[in-house]
Amino acid sequence: MTSAPHLPLRILQAAGNARALHPPPTRGAVDGICADIHVRDGEVLLGVAPRRLSGFAARLSPSRFRAADAERITLDELLRAVDGRSRLVLRVHGGMGDPAAEIARVLYPLPDRSHLLVCAEDWAVADRLAAWLPGLRVAYLVLSEGPLRRYVQGRLDGSQREVPLLVRDALIHTPNEAQSLRGRAGALGAWSVGSAGRARELASWGVDLIASESIDVLDALAAGTTSDTT
């Protein structure tokens, strides 16, 4: 018997950061978009926060911050543009203080958060958002080997609850490893996949979500997934 081909969720990475892509793409290759978010001056903004300069260096580069202020796009704007028509992955960036409270304030009034997934390298931020907003889907973003080992060890010894993982794709080496991580996390995504061949390989290993900055990589997924025969 031939089963249906496995097609992961296809997320266009960083597409939500630019106002030009609001509303998000509606091509068949894309199931959703990802936006980077950070908190600055009490607002939840899109993109990665510009690194602050201090003292004499700051006085030499005032235009850097004027340009950043001119391009300020709030998370509220993105949520209105998406309005549930697309899946939306929000990658939380750290900075001064704890961004969880401000992000929760923006997301709390939404009547439906089923299209959202919030991920963070700071797992404590993800945990706080999950606690404050029951039903919000959160994931741990894992970009290096150390945190991945810590998560697996925590699952083995019972100190870590099950939380979906978005893992840098180079950290997923074999089909067995993918299935083991997926079993411990409940769901597994691959972050920043750079080639169509790698995307198809990960899909064949059962990965649930593939994020890429290339729409061509996501296009190739639908054309290249193959069915399993039992």
# chains A, B, ... in the order shown; residues from 1 in each chain; ligands from 1
call {"tool": "closest_atom_pairs", "arguments": {"of": "stretch 103-197 of chain A", "to": "stretch 75-78 of chain A", "cutoff": "10 Å", "atoms": "only C-alpha atoms", "output": "tab-separated table"}}
result
residue	atom	partner	partner_atom	distance
A:Ile103	CA	A:Leu75	CA	8.6
A:Val106	CA	A:Asp76	CA	6.9
A:Leu107	CA	A:Asp76	CA	8.7
call {"tool": "write_last_selection", "arguments": {"atoms": "N, CA and C atoms", "output": "CSV table (one decimal), in the first residue's frame"}}
result
chain,number,residue,atom,x,y,z
A,103,ILE,N,5.8,40.7,24.9
A,103,ILE,CA,5.3,39.9,23.9
A,103,ILE,C,3.9,39.3,24.3
A,106,VAL,N,1.1,41.7,23.8
A,106,VAL,CA,0.6,41.9,22.4
A,106,VAL,C,-0.2,40.7,22.0
A,107,LEU,N,0.2,39.5,22.4
A,107,LEU,CA,-0.5,38.3,21.9
A,107,LEU,C,-1.8,38.0,22.7
call {"tool": "select_by_dssp", "arguments": {"residues": "stretch 32-226 of chain A", "states": "alpha helix (DSSP H)", "output": "ChimeraX atom specification"}}
result
/A:55-60,62-70,75-82,100-107,123-132,145-157,175-185,196-204,215-224
call {"tool": "atom_distance", "arguments": {"atom1": "atom CA of A:Glu213", "atom2": "atom CA of A:Leu7"}}
result
17.8 Å
call {"tool": "residues_around", "arguments": {"residues": "A:His173", "least_positions_apart": "4", "cutoff": "12 Å", "atoms": "only C-alpha atoms", "output": "list in words"}}
result
Glu145, Val167, Arg168, Asp169, Glu177, Ala178, Gln179, Ser180, Leu181, Ala190, Arg198, Glu201, Leu202 and Trp205 of chain A
call {"tool": "write_last_selection", "arguments": {"atoms": "N, CA, C and O atoms", "output": "compact mmCIF listing (two decimals), in the first residue's frame"}}
result
# COMPACT_ATOMS: atom_id res chain seq x y z
N GLU A 145 25.32 22.35 19.43
CA GLU A 145 25.27 20.98 19.96
C GLU A 145 25.01 20.94 21.47
O GLU A 145 24.27 20.07 21.96
N VAL A 167 15.62 22.97 15.24
CA VAL A 167 17.04 22.67 15.36
C VAL A 167 17.76 23.08 14.08
O VAL A 167 17.26 22.85 12.97
N ARG A 168 18.93 23.71 14.24
CA ARG A 168 19.75 24.01 13.06
C ARG A 168 19.96 22.74 12.27
O ARG A 168 20.35 21.71 12.82
N ASP A 169 19.73 22.81 10.98
CA ASP A 169 19.62 21.57 10.21
C ASP A 169 20.89 20.73 10.23
O ASP A 169 20.84 19.51 10.15
N GLU A 177 18.39 9.67 14.12
CA GLU A 177 18.53 10.81 15.01
C GLU A 177 17.31 11.72 14.91
O GLU A 177 16.79 12.20 15.92
N ALA A 178 16.83 11.95 13.69
CA ALA A 178 15.64 12.77 13.51
C ALA A 178 14.44 12.17 14.23
O ALA A 178 13.69 12.87 14.92
N GLN A 179 14.25 10.86 14.09
CA GLN A 179 13.11 10.21 14.72
C GLN A 179 13.24 10.19 16.24
O GLN A 179 12.25 10.33 16.96
N SER A 180 14.47 10.04 16.74
CA SER A 180 14.68 10.06 18.19
C SER A 180 14.36 11.44 18.76
O SER A 180 13.67 11.56 19.78
N LEU A 181 14.86 12.49 18.10
CA LEU A 181 14.57 13.85 18.57
C LEU A 181 13.08 14.14 18.49
O LEU A 181 12.50 14.74 19.40
N ALA A 190 13.45 21.89 11.24
CA ALA A 190 14.83 22.15 10.81
C ALA A 190 14.94 23.62 10.42
O ALA A 190 14.13 24.13 9.64
N ARG A 198 18.82 19.01 0.57
CA ARG A 198 18.78 18.83 2.02
C ARG A 198 17.34 18.91 2.54
O ARG A 198 16.95 18.14 3.42
N GLU A 201 15.72 15.64 1.81
CA GLU A 201 16.24 14.60 2.70
C GLU A 201 15.58 14.68 4.07
O GLU A 201 15.11 13.67 4.62
N LEU A 202 15.51 15.88 4.64
CA LEU A 202 14.90 16.05 5.96
C LEU A 202 13.42 15.68 5.93
O LEU A 202 12.90 15.09 6.89
N TRP A 205 12.98 12.10 6.24
CA TRP A 205 13.26 11.62 7.59
C TRP A 205 12.11 11.93 8.57
O TRP A 205 12.20 11.61 9.74
call {"tool": "residues_around", "arguments": {"residues": "A:Leu46", "least_positions_apart": "6", "cutoff": "10 Å", "atoms": "only C-alpha atoms", "output": "PyMOL selection string"}}
result
chain A and resi 14+16-19+35-39+71-78+90-93
call {"tool": "atom_distance", "arguments": {"atom1": "atom CA of A:Arg128", "atom2": "atom CA of A:Ser86"}}
result
24.7 Å
call {"tool": "atom_distance", "arguments": {"atom1": "atom CA of A:Tyr151", "atom2": "atom CA of A:Trp123"}}
result
10.2 Å
call {"tool": "select_by_dssp", "arguments": {"residues": "stretch 56-166 of chain A", "states": "strand (DSSP E)", "output": "list of chain:residue names"}}
result
A:Arg87, A:Leu88, A:Val89, A:Leu90, A:Arg91, A:Val92, A:Leu116, A:Leu117, A:Val118, A:Cys119, A:Ala120, A:Arg137, A:Val138, A:Ala139, A:Tyr140, A:Leu141, A:Val142, A:Leu165, A:Leu166
call {"tool": "write_last_selection", "arguments": {"atoms": "N, CA, C and O atoms", "output": "mmCIF file, in the first residue's frame"}}
result
data_model
loop_
_atom_site.group_PDB
_atom_site.id
_atom_site.type_symbol
_atom_site.label_atom_id
_atom_site.label_comp_id
_atom_site.auth_asym_id
_atom_site.auth_seq_id
_atom_site.Cartn_x
_atom_site.Cartn_y
_atom_site.Cartn_z
ATOM 1 N N ARG A 87 0.388 30.760 8.488
ATOM 2 C CA ARG A 87 1.100 30.392 9.704
ATOM 3 C C ARG A 87 2.195 31.415 9.942
ATOM 4 O O ARG A 87 2.777 31.955 9.003
ATOM 5 N N LEU A 88 2.469 31.675 11.208
ATOM 6 C CA LEU A 88 3.440 32.709 11.550
ATOM 7 C C LEU A 88 4.336 32.190 12.666
ATOM 8 O O LEU A 88 3.859 31.840 13.744
ATOM 9 N N VAL A 89 5.633 32.110 12.381
ATOM 10 C CA VAL A 89 6.628 31.735 13.372
ATOM 11 C C VAL A 89 7.314 33.007 13.845
ATOM 12 O O VAL A 89 7.816 33.795 13.031
ATOM 13 N N LEU A 90 7.336 33.216 15.148
ATOM 14 C CA LEU A 90 7.972 34.391 15.737
ATOM 15 C C LEU A 90 9.222 33.949 16.478
ATOM 16 O O LEU A 90 9.143 33.173 17.437
ATOM 17 N N ARG A 91 10.365 34.436 16.017
ATOM 18 C CA ARG A 91 11.632 34.116 16.687
ATOM 19 C C ARG A 91 11.974 35.252 17.641
ATOM 20 O O ARG A 91 12.169 36.396 17.226
ATOM 21 N N VAL A 92 12.055 34.936 18.912
ATOM 22 C CA VAL A 92 12.291 35.950 19.938
ATOM 23 C C VAL A 92 13.791 36.161 20.109
ATOM 24 O O VAL A 92 14.539 35.211 20.367
ATOM 25 N N LEU A 116 -0.033 30.623 15.264
ATOM 26 C CA LEU A 116 1.248 31.131 15.748
ATOM 27 C C LEU A 116 2.117 30.032 16.337
ATOM 28 O O LEU A 116 1.620 29.081 16.955
ATOM 29 N N LEU A 117 3.424 30.184 16.148
ATOM 30 C CA LEU A 117 4.425 29.394 16.854
ATOM 31 C C LEU A 117 5.508 30.364 17.283
ATOM 32 O O LEU A 117 6.046 31.113 16.456
ATOM 33 N N VAL A 118 5.834 30.373 18.569
ATOM 34 C CA VAL A 118 6.862 31.262 19.091
ATOM 35 C C VAL A 118 8.065 30.413 19.480
ATOM 36 O O VAL A 118 7.930 29.416 20.201
ATOM 37 N N CYS A 119 9.244 30.797 18.994
ATOM 38 C CA CYS A 119 10.454 30.048 19.329
ATOM 39 C C CYS A 119 11.493 31.007 19.901
ATOM 40 O O CYS A 119 11.513 32.201 19.583
ATOM 41 N N ALA A 120 12.348 30.458 20.768
ATOM 42 C CA ALA A 120 13.370 31.279 21.408
ATOM 43 C C ALA A 120 14.561 30.427 21.765
ATOM 44 O O ALA A 120 14.415 29.270 22.184
ATOM 45 N N ARG A 137 1.440 27.853 21.096
ATOM 46 C CA ARG A 137 2.474 26.880 20.762
ATOM 47 C C ARG A 137 3.843 27.546 20.831
ATOM 48 O O ARG A 137 4.052 28.590 20.215
ATOM 49 N N VAL A 138 4.733 26.935 21.587
ATOM 50 C CA VAL A 138 6.100 27.444 21.712
ATOM 51 C C VAL A 138 7.071 26.332 21.358
ATOM 52 O O VAL A 138 6.740 25.140 21.417
ATOM 53 N N ALA A 139 8.274 26.722 20.975
ATOM 54 C CA ALA A 139 9.331 25.766 20.654
ATOM 55 C C ALA A 139 10.649 26.324 21.141
ATOM 56 O O ALA A 139 10.836 27.542 21.248
ATOM 57 N N TYR A 140 11.564 25.416 21.448
ATOM 58 C CA TYR A 140 12.919 25.811 21.762
ATOM 59 C C TYR A 140 13.724 25.854 20.466
ATOM 60 O O TYR A 140 13.707 24.907 19.679
ATOM 61 N N LEU A 141 14.433 26.955 20.250
ATOM 62 C CA LEU A 141 15.318 27.076 19.099
ATOM 63 C C LEU A 141 16.708 26.616 19.523
ATOM 64 O O LEU A 141 17.263 27.108 20.511
ATOM 65 N N VAL A 142 17.268 25.647 18.800
ATOM 66 C CA VAL A 142 18.547 25.037 19.155
ATOM 67 C C VAL A 142 19.499 25.198 17.981
ATOM 68 O O VAL A 142 19.281 24.623 16.907
ATOM 69 N N LEU A 165 11.047 21.182 19.162
ATOM 70 C CA LEU A 165 12.363 21.741 18.875
ATOM 71 C C LEU A 165 12.433 22.247 17.445
ATOM 72 O O LEU A 165 11.956 21.590 16.519
ATOM 73 N N LEU A 166 13.048 23.417 17.276
ATOM 74 C CA LEU A 166 13.502 23.885 15.970
ATOM 75 C C LEU A 166 15.026 23.858 16.026
ATOM 76 O O LEU A 166 15.634 24.613 16.784
#
